[in-house]
file upload_36.csv (CSV, N, CA and C atoms)
chain,number,residue,atom,x,y,z
N,287,MET,N,26.1,9.4,32.3
N,287,MET,CA,25.7,10.0,31.1
N,287,MET,C,26.8,9.8,30.0
N,288,LEU,N,28.0,10.0,30.4
N,288,LEU,CA,29.1,9.9,29.4
N,288,LEU,C,29.1,8.5,28.8
N,289,HIS,N,28.9,7.5,29.7
N,289,HIS,CA,29.0,6.1,29.3
N,289,HIS,C,27.9,5.8,28.3
N,290,LEU,N,26.7,6.3,28.5
N,290,LEU,CA,25.6,6.1,27.7
N,290,LEU,C,25.9,6.7,26.3
N,291,ILE,N,26.4,7.8,26.2
N,291,ILE,CA,26.8,8.4,24.9
N,291,ILE,C,27.9,7.7,24.3
N,292,ARG,N,28.9,7.3,25.0
N,292,ARG,CA,30.0,6.5,24.4
N,292,ARG,C,29.5,5.2,23.8
N,293,ASN,N,28.6,4.5,24.6
N,293,ASN,CA,28.1,3.3,24.1
N,293,ASN,C,27.2,3.5,22.9
N,294,THR,N,26.6,4.6,22.8
N,294,THR,CA,25.8,5.0,21.6
N,294,THR,C,26.7,5.0,20.4
N,295,PHE,N,27.8,5.7,20.5
N,295,PHE,CA,28.7,5.8,19.4
N,295,PHE,C,29.4,4.5,19.0
N,296,ARG,N,29.6,3.6,20.0
N,296,ARG,CA,30.2,2.3,19.8
N,296,ARG,C,29.3,1.4,18.8
N,297,LEU,N,28.0,1.7,18.9
N,297,LEU,CA,27.1,1.0,18.1
N,297,LEU,C,26.9,1.5,16.7
N,298,ALA,N,27.6,2.6,16.4
N,298,ALA,CA,27.4,3.3,15.1
N,298,ALA,C,28.7,3.3,14.3
N,299,SER,N,28.6,3.5,13.0
N,299,SER,CA,29.7,3.7,12.2
N,299,SER,C,30.5,5.0,12.4
N,300,ARG,N,31.7,5.0,12.4
N,300,ARG,CA,32.5,6.2,12.7
N,300,ARG,C,32.2,7.3,11.7
N,301,ARG,N,31.8,7.0,10.5
N,301,ARG,CA,31.5,8.1,9.5
N,301,ARG,C,30.2,8.8,9.9
N,302,ASP,N,29.4,8.3,10.8
N,302,ASP,CA,28.1,8.9,11.2
N,302,ASP,C,28.3,9.7,12.5
N,303,TRP,N,29.4,9.6,13.2
N,303,TRP,CA,29.5,10.1,14.5
N,303,TRP,C,29.3,11.6,14.6
N,304,ASP,N,29.8,12.4,13.7
N,304,ASP,CA,29.6,13.9,13.8
N,304,ASP,C,28.1,14.2,13.6
N,305,ALA,N,27.5,13.7,12.6
N,305,ALA,CA,26.0,14.0,12.4
N,305,ALA,C,25.2,13.5,13.6
N,306,MET,N,25.6,12.3,14.1
N,306,MET,CA,24.8,11.7,15.2
N,306,MET,C,25.0,12.5,16.5
N,307,ALA,N,26.2,13.0,16.7
N,307,ALA,CA,26.5,13.8,17.9
N,307,ALA,C,25.6,15.1,17.9
N,308,LYS,N,25.5,15.7,16.7
N,308,LYS,CA,24.7,16.9,16.6
N,308,LYS,C,23.2,16.6,16.8
N,309,ASP,N,22.7,15.4,16.4
N,309,ASP,CA,21.3,15.0,16.6
N,309,ASP,C,21.1,14.5,18.0
N,310,LEU,N,22.1,14.0,18.7
N,310,LEU,CA,21.9,13.5,20.1
N,310,LEU,C,22.0,14.5,21.1
N,311,ARG,N,22.7,15.6,20.9
N,311,ARG,CA,22.9,16.7,21.9
N,311,ARG,C,21.6,17.2,22.5
N,312,PRO,N,20.5,17.4,21.6
N,312,PRO,CA,19.3,17.9,22.2
N,312,PRO,C,18.6,17.0,23.1
N,313,VAL,N,18.9,15.7,23.1
N,313,VAL,CA,18.3,14.7,24.0
N,313,VAL,C,18.8,14.9,25.4
N,314,TYR,N,20.2,15.0,25.6
N,314,TYR,CA,20.7,15.1,26.9
N,314,TYR,C,20.8,16.5,27.4
N,315,THR,N,20.5,17.5,26.6
N,315,THR,CA,20.5,18.9,27.1
N,315,THR,C,19.0,19.4,27.2
N,316,ALA,N,18.1,18.5,27.0
N,316,ALA,CA,16.7,18.8,27.1
N,316,ALA,C,16.3,19.4,28.5
N,317,VAL,N,15.3,20.2,28.6
N,317,VAL,CA,15.0,20.8,29.9
N,317,VAL,C,14.2,19.9,30.8
N,318,ASN,N,13.5,18.9,30.2
N,318,ASN,CA,12.8,18.0,31.1
N,318,ASN,C,12.6,16.6,30.3
N,319,GLU,N,11.9,15.7,31.0
N,319,GLU,CA,11.8,14.4,30.4
N,319,GLU,C,10.9,14.4,29.1
N,320,ALA,N,9.9,15.1,29.1
N,320,ALA,CA,9.0,15.2,28.0
N,320,ALA,C,9.7,15.7,26.7
N,321,ASP,N,10.5,16.8,26.9
N,321,ASP,CA,11.3,17.3,25.8
N,321,ASP,C,12.4,16.4,25.4
N,322,ALA,N,13.0,15.7,26.3
N,322,ALA,CA,14.0,14.7,26.0
N,322,ALA,C,13.4,13.6,25.2
N,323,GLN,N,12.2,13.1,25.6
N,323,GLN,CA,11.5,12.0,24.8
N,323,GLN,C,11.2,12.5,23.4
N,324,VAL,N,10.8,13.7,23.2
N,324,VAL,CA,10.5,14.2,21.8
N,324,VAL,C,11.8,14.2,21.0
N,325,ARG,N,12.9,14.7,21.6
N,325,ARG,CA,14.1,14.8,20.9
N,325,ARG,C,14.7,13.4,20.6
N,326,LEU,N,14.5,12.5,21.5
N,326,LEU,CA,15.0,11.1,21.3
N,326,LEU,C,14.2,10.5,20.2
N,327,ASP,N,12.8,10.7,20.1
N,327,ASP,CA,12.0,10.2,19.0
N,327,ASP,C,12.5,10.7,17.7
N,328,GLU,N,12.9,12.0,17.7
N,328,GLU,CA,13.4,12.6,16.4
N,328,GLU,C,14.7,12.0,16.1
N,329,PHE,N,15.5,11.7,17.1
N,329,PHE,CA,16.8,11.0,16.8
N,329,PHE,C,16.6,9.6,16.2
N,330,HIS,N,15.6,8.9,16.8
N,330,HIS,CA,15.3,7.5,16.3
N,330,HIS,C,14.7,7.6,15.0
N,331,ASP,N,13.9,8.6,14.7
N,331,ASP,CA,13.3,8.7,13.3
N,331,ASP,C,14.4,8.8,12.3
N,332,LYS,N,15.5,9.5,12.6
N,332,LYS,CA,16.6,9.6,11.7
N,332,LYS,C,17.5,8.4,11.6
N,333,TRP,N,17.9,7.9,12.8
N,333,TRP,CA,18.9,6.9,12.9
N,333,TRP,C,18.4,5.5,13.3
N,334,GLY,N,17.2,5.4,13.7
N,334,GLY,CA,16.7,4.1,14.3
N,334,GLY,C,16.7,2.9,13.3
N,335,ASP,N,16.3,3.2,12.0
N,335,ASP,CA,16.3,2.1,11.1
N,335,ASP,C,17.8,1.6,10.8
N,336,ARG,N,18.7,2.5,10.8
N,336,ARG,CA,20.1,2.2,10.5
N,336,ARG,C,20.8,1.5,11.7
N,337,TYR,N,20.4,2.0,12.9
N,337,TYR,CA,21.0,1.5,14.1
N,337,TYR,C,20.0,1.1,15.2
N,338,PRO,N,19.3,0.0,15.0
N,338,PRO,CA,18.2,-0.4,16.0
N,338,PRO,C,18.8,-0.7,17.4
N,339,ALA,N,20.0,-1.1,17.4
N,339,ALA,CA,20.6,-1.4,18.7
N,339,ALA,C,20.7,-0.1,19.6
N,340,ILE,N,20.9,1.0,19.0
N,340,ILE,CA,20.9,2.3,19.7
N,340,ILE,C,19.6,2.6,20.4
N,341,ARG,N,18.5,2.2,19.6
N,341,ARG,CA,17.1,2.4,20.2
N,341,ARG,C,17.0,1.5,21.5
N,342,ASN,N,17.5,0.3,21.4
N,342,ASN,CA,17.4,-0.6,22.5
N,342,ASN,C,18.2,-0.1,23.7
N,343,LEU,N,19.4,0.4,23.4
N,343,LEU,CA,20.3,0.9,24.4
N,343,LEU,C,19.6,2.1,25.2
N,344,TRP,N,19.1,3.0,24.5
N,344,TRP,CA,18.4,4.2,25.2
N,344,TRP,C,17.1,3.7,25.9
N,345,SER,N,16.4,2.8,25.3
N,345,SER,CA,15.2,2.3,25.9
N,345,SER,C,15.5,1.7,27.3
N,346,ASN,N,16.6,0.9,27.3
N,346,ASN,CA,17.0,0.2,28.5
N,346,ASN,C,17.5,1.1,29.5
N,347,ALA,N,18.2,2.2,29.1
N,347,ALA,CA,18.8,3.1,30.0
N,347,ALA,C,17.9,4.3,30.4
N,348,TRP,N,16.8,4.4,29.8
N,348,TRP,CA,15.9,5.6,30.0
N,348,TRP,C,15.6,5.9,31.5
N,349,SER,N,15.3,4.9,32.3
N,349,SER,CA,14.9,5.1,33.7
N,349,SER,C,16.1,5.6,34.5
N,350,GLU,N,17.3,5.3,34.1
N,350,GLU,CA,18.5,5.8,34.7
N,350,GLU,C,19.0,7.1,34.2
N,351,PHE,N,18.6,7.4,33.0
N,351,PHE,CA,18.9,8.7,32.3
N,351,PHE,C,18.0,9.9,32.8
N,352,VAL,N,16.7,9.6,33.1
N,352,VAL,CA,15.8,10.6,33.4
N,352,VAL,C,16.1,11.4,34.7
N,353,PRO,N,16.6,10.8,35.7
N,353,PRO,CA,17.0,11.7,36.9
N,353,PRO,C,18.1,12.7,36.6
N,354,PHE,N,18.9,12.4,35.6
N,354,PHE,CA,19.9,13.4,35.2
N,354,PHE,C,19.3,14.7,34.7
N,355,LEU,N,18.1,14.6,34.1
N,355,LEU,CA,17.4,15.8,33.6
N,355,LEU,C,16.9,16.7,34.7
N,356,ASP,N,16.8,16.2,36.0
N,356,ASP,CA,16.2,16.9,37.1
N,356,ASP,C,17.2,18.0,37.6
N,357,TYR,N,18.5,17.9,37.2
N,357,TYR,CA,19.5,18.8,37.6
N,357,TYR,C,19.6,20.0,36.7
N,358,SER,N,20.1,21.1,37.3
N,358,SER,CA,20.3,22.3,36.5
N,358,SER,C,21.4,22.1,35.5
N,359,PRO,N,21.5,22.9,34.4
N,359,PRO,CA,22.6,22.7,33.5
N,359,PRO,C,24.0,22.8,34.1
N,360,GLU,N,24.2,23.6,35.1
N,360,GLU,CA,25.5,23.8,35.8
N,360,GLU,C,25.8,22.5,36.5
N,361,ILE,N,24.9,21.9,37.2
N,361,ILE,CA,25.1,20.6,37.9
N,361,ILE,C,25.3,19.5,36.9
N,362,ARG,N,24.6,19.5,35.8
N,362,ARG,CA,24.8,18.4,34.8
N,362,ARG,C,26.2,18.4,34.3
N,363,ARG,N,26.8,19.6,34.1
N,363,ARG,CA,28.1,19.6,33.5
N,363,ARG,C,29.1,18.9,34.5
N,364,VAL,N,28.9,19.0,35.8
N,364,VAL,CA,29.7,18.4,36.8
N,364,VAL,C,29.5,16.9,36.8
N,365,ILE,N,28.3,16.5,36.8
N,365,ILE,CA,28.0,15.0,36.9
N,365,ILE,C,27.9,14.3,35.6
N,366,TYR,N,28.1,15.0,34.5
N,366,TYR,CA,28.1,14.4,33.2
N,366,TYR,C,29.1,13.2,33.1
N,367,SER,N,30.2,13.4,33.7
N,367,SER,CA,31.2,12.4,33.7
N,367,SER,C,31.7,12.1,35.2
N,368,THR,N,32.1,10.9,35.5
N,368,THR,CA,32.5,10.6,36.8
N,368,THR,C,34.1,10.8,36.9
N,369,ASP,N,34.7,11.3,35.9
N,369,ASP,CA,36.2,11.4,35.9
N,369,ASP,C,36.7,12.1,37.1
N,370,GLU,N,36.1,13.3,37.5
N,370,GLU,CA,36.6,14.0,38.6
N,370,GLU,C,36.4,13.2,39.9
N,371,ILE,N,35.3,12.4,40.0
N,371,ILE,CA,35.0,11.6,41.2
N,371,ILE,C,36.0,10.5,41.3
N,372,VAL,N,36.2,9.8,40.1
N,372,VAL,CA,37.1,8.6,40.1
N,372,VAL,C,38.6,9.0,40.2
N,373,ASN,N,39.0,10.2,39.6
N,373,ASN,CA,40.3,10.6,39.7
N,373,ASN,C,40.5,12.0,40.2
N,374,PRO,N,40.5,12.2,41.5
N,374,PRO,CA,40.6,13.6,42.0
N,374,PRO,C,41.9,14.3,41.6
N,375,LEU,N,42.9,13.5,41.3
N,375,LEU,CA,44.2,14.1,40.9
N,375,LEU,C,44.0,14.9,39.6
N,376,ALA,N,43.2,14.4,38.7
N,376,ALA,CA,42.9,15.1,37.5
N,376,ALA,C,42.4,16.5,37.7
N,377,SER,N,41.4,16.6,38.6
N,377,SER,CA,40.9,18.0,38.9
N,377,SER,C,41.9,18.9,39.5
N,378,ASP,N,42.8,18.3,40.4
N,378,ASP,CA,43.8,19.1,41.0
N,378,ASP,C,44.8,19.6,40.0
N,379,LEU,N,45.0,18.8,38.9
N,379,LEU,CA,46.0,19.3,37.9
N,379,LEU,C,45.3,20.1,36.8
N,380,GLY,N,44.0,20.3,36.9
N,380,GLY,CA,43.3,21.1,36.0
N,380,GLY,C,43.0,20.4,34.7
N,381,VAL,N,43.0,19.1,34.7
N,381,VAL,CA,42.8,18.4,33.4
N,381,VAL,C,41.6,17.4,33.6
N,382,ALA,N,40.6,17.8,34.3
N,382,ALA,CA,39.5,17.0,34.6
N,382,ALA,C,38.8,16.5,33.4
N,383,SER,N,38.8,17.3,32.3
N,383,SER,CA,38.1,17.0,31.1
N,383,SER,C,38.9,16.1,30.2
N,384,GLU,N,40.2,16.0,30.5
N,384,GLU,CA,41.1,15.2,29.7
N,384,GLU,C,41.4,13.9,30.4
N,385,ARG,N,41.7,12.9,29.7
N,385,ARG,CA,42.1,11.6,30.3
N,385,ARG,C,43.6,11.7,30.6
N,386,LEU,N,43.9,11.2,31.7
N,386,LEU,CA,45.4,11.1,32.0
N,386,LEU,C,45.9,9.9,31.3
N,387,ARG,N,47.1,10.0,30.8
N,387,ARG,CA,47.7,8.9,30.1
N,387,ARG,C,47.9,7.7,31.0
N,388,PRO,N,47.6,6.5,30.7
N,388,PRO,CA,47.9,5.4,31.5
N,388,PRO,C,49.4,5.1,31.6
N,389,ARG,N,49.8,4.7,32.7
N,389,ARG,CA,51.2,4.4,32.8
N,389,ARG,C,51.6,3.1,32.0
N,390,ARG,N,52.7,3.1,31.4
N,390,ARG,CA,53.2,1.9,30.7
N,390,ARG,C,53.7,0.9,31.7
N,391,PRO,N,53.4,-0.3,31.4
N,391,PRO,CA,54.0,-1.3,32.4
N,391,PRO,C,55.5,-1.3,32.3
N,392,ALA,N,56.1,-1.7,33.4
N,392,ALA,CA,57.6,-1.7,33.4
N,392,ALA,C,58.0,-2.8,32.4
N,393,ARG,N,59.1,-2.5,31.7
N,393,ARG,CA,59.7,-3.5,30.8
N,393,ARG,C,60.4,-4.6,31.5
N,394,ARG,N,60.2,-5.8,31.0
N,394,ARG,CA,60.8,-6.9,31.6
N,394,ARG,C,62.3,-7.0,31.1
N,395,ALA,N,63.1,-7.4,31.9
N,395,ALA,CA,64.5,-7.6,31.5
N,395,ALA,C,64.6,-8.7,30.5
N,396,ARG,N,65.4,-8.5,29.5
N,396,ARG,CA,65.6,-9.6,28.6
N,396,ARG,C,66.5,-10.7,29.2
N,397,ARG,N,66.3,-11.9,28.7
N,397,ARG,CA,67.2,-13.0,29.1
N,397,ARG,C,68.6,-12.7,28.5
N,398,GLY,N,69.5,-13.0,29.3
N,398,GLY,CA,70.9,-12.8,28.8
N,398,GLY,C,71.3,-11.4,28.7
N,399,SER,N,70.8,-10.6,29.6
N,399,SER,CA,71.1,-9.1,29.6
N,399,SER,C,72.5,-8.9,30.0
N,400,SER,N,73.0,-7.7,29.8
N,400,SER,CA,74.4,-7.4,30.0
N,400,SER,C,74.8,-7.7,31.5
N,401,LEU,N,73.9,-7.5,32.4
N,401,LEU,CA,74.2,-7.7,33.8
N,401,LEU,C,74.4,-9.2,34.1
N,402,ASP,N,73.7,-10.1,33.4
N,402,ASP,CA,73.9,-11.5,33.5
N,402,ASP,C,75.3,-11.9,33.0
N,403,ARG,N,75.7,-11.2,31.9
N,403,ARG,CA,77.0,-11.6,31.3
N,403,ARG,C,78.1,-11.1,32.2
N,404,VAL,N,77.9,-9.9,32.8
N,404,VAL,CA,79.0,-9.4,33.7
N,404,VAL,C,79.1,-10.3,34.9
N,405,ALA,N,78.0,-10.8,35.5
N,405,ALA,CA,78.1,-11.6,36.7
N,405,ALA,C,78.7,-13.0,36.4
N,406,ALA,N,78.7,-13.4,35.1
N,406,ALA,CA,79.2,-14.7,34.8
N,406,ALA,C,80.6,-14.8,34.7
call {"tool": "encode", "arguments": {"input": "upload_36.csv", "output": "structure tokens"}}
result
Amino acid sequence: MLHLIRNTFRLASRRDWDAMAKDLRPVYTAVNEADAQVRLDEFHDKWGDRYPAIRNLWSNAWSEFVPFLDYSPEIRRVIYSTDEIVNPLASDLGVASERLRPRRPARRARRGSSLDRVAA
């Protein structure tokens, strides 16, 4: 679910994100498929002409999205993102909703470092 929403915003201008998020929330919080379809049609009525690729994205993902609606709101919150499944350490640290910072790659030693000069 999270990836579908992220991909939706990747297809839109940053300046529209806040308004679009407000209009998209009723789709993925709908109580059933029929309600979600009505909310998605309302979303497309407002944004579809400006962002036709978003319509295609949701159309292609609809069959994978619908089973998400079968779960209760409590379960949806847990399975909304796979972060806790992918990174169990995050839930142990109490930061499941936040991303852990990626580790920086180790710096390479520069040529002619001070160790090389000492050894010479």
call {"tool": "atom_distance", "arguments": {"input": "upload_36.csv", "atom1": "CA of Met306 (chain N)", "atom2": "CA of Ile361 (chain N)"}}
result
24.4 Å
call {"tool": "residues_around", "arguments": {"input": "upload_36.csv", "residues": "region 309-317 of chain N", "least_positions_apart": "3", "cutoff": "12 Å", "atoms": "only C-alpha atoms", "output": "count of residues only"}}
result
43
call {"tool": "atom_distance", "arguments": {"input": "upload_36.csv", "atom1": "atom N of Ala347 (chain N)", "atom2": "CA of Asn293 (chain N)"}}
result
11.1 Å
call {"tool": "atom_distance", "arguments": {"input": "upload_36.csv", "atom1": "CA of Ala298 (chain N)", "atom2": "CA of Tyr337 (chain N)"}}
result
6.7 Å
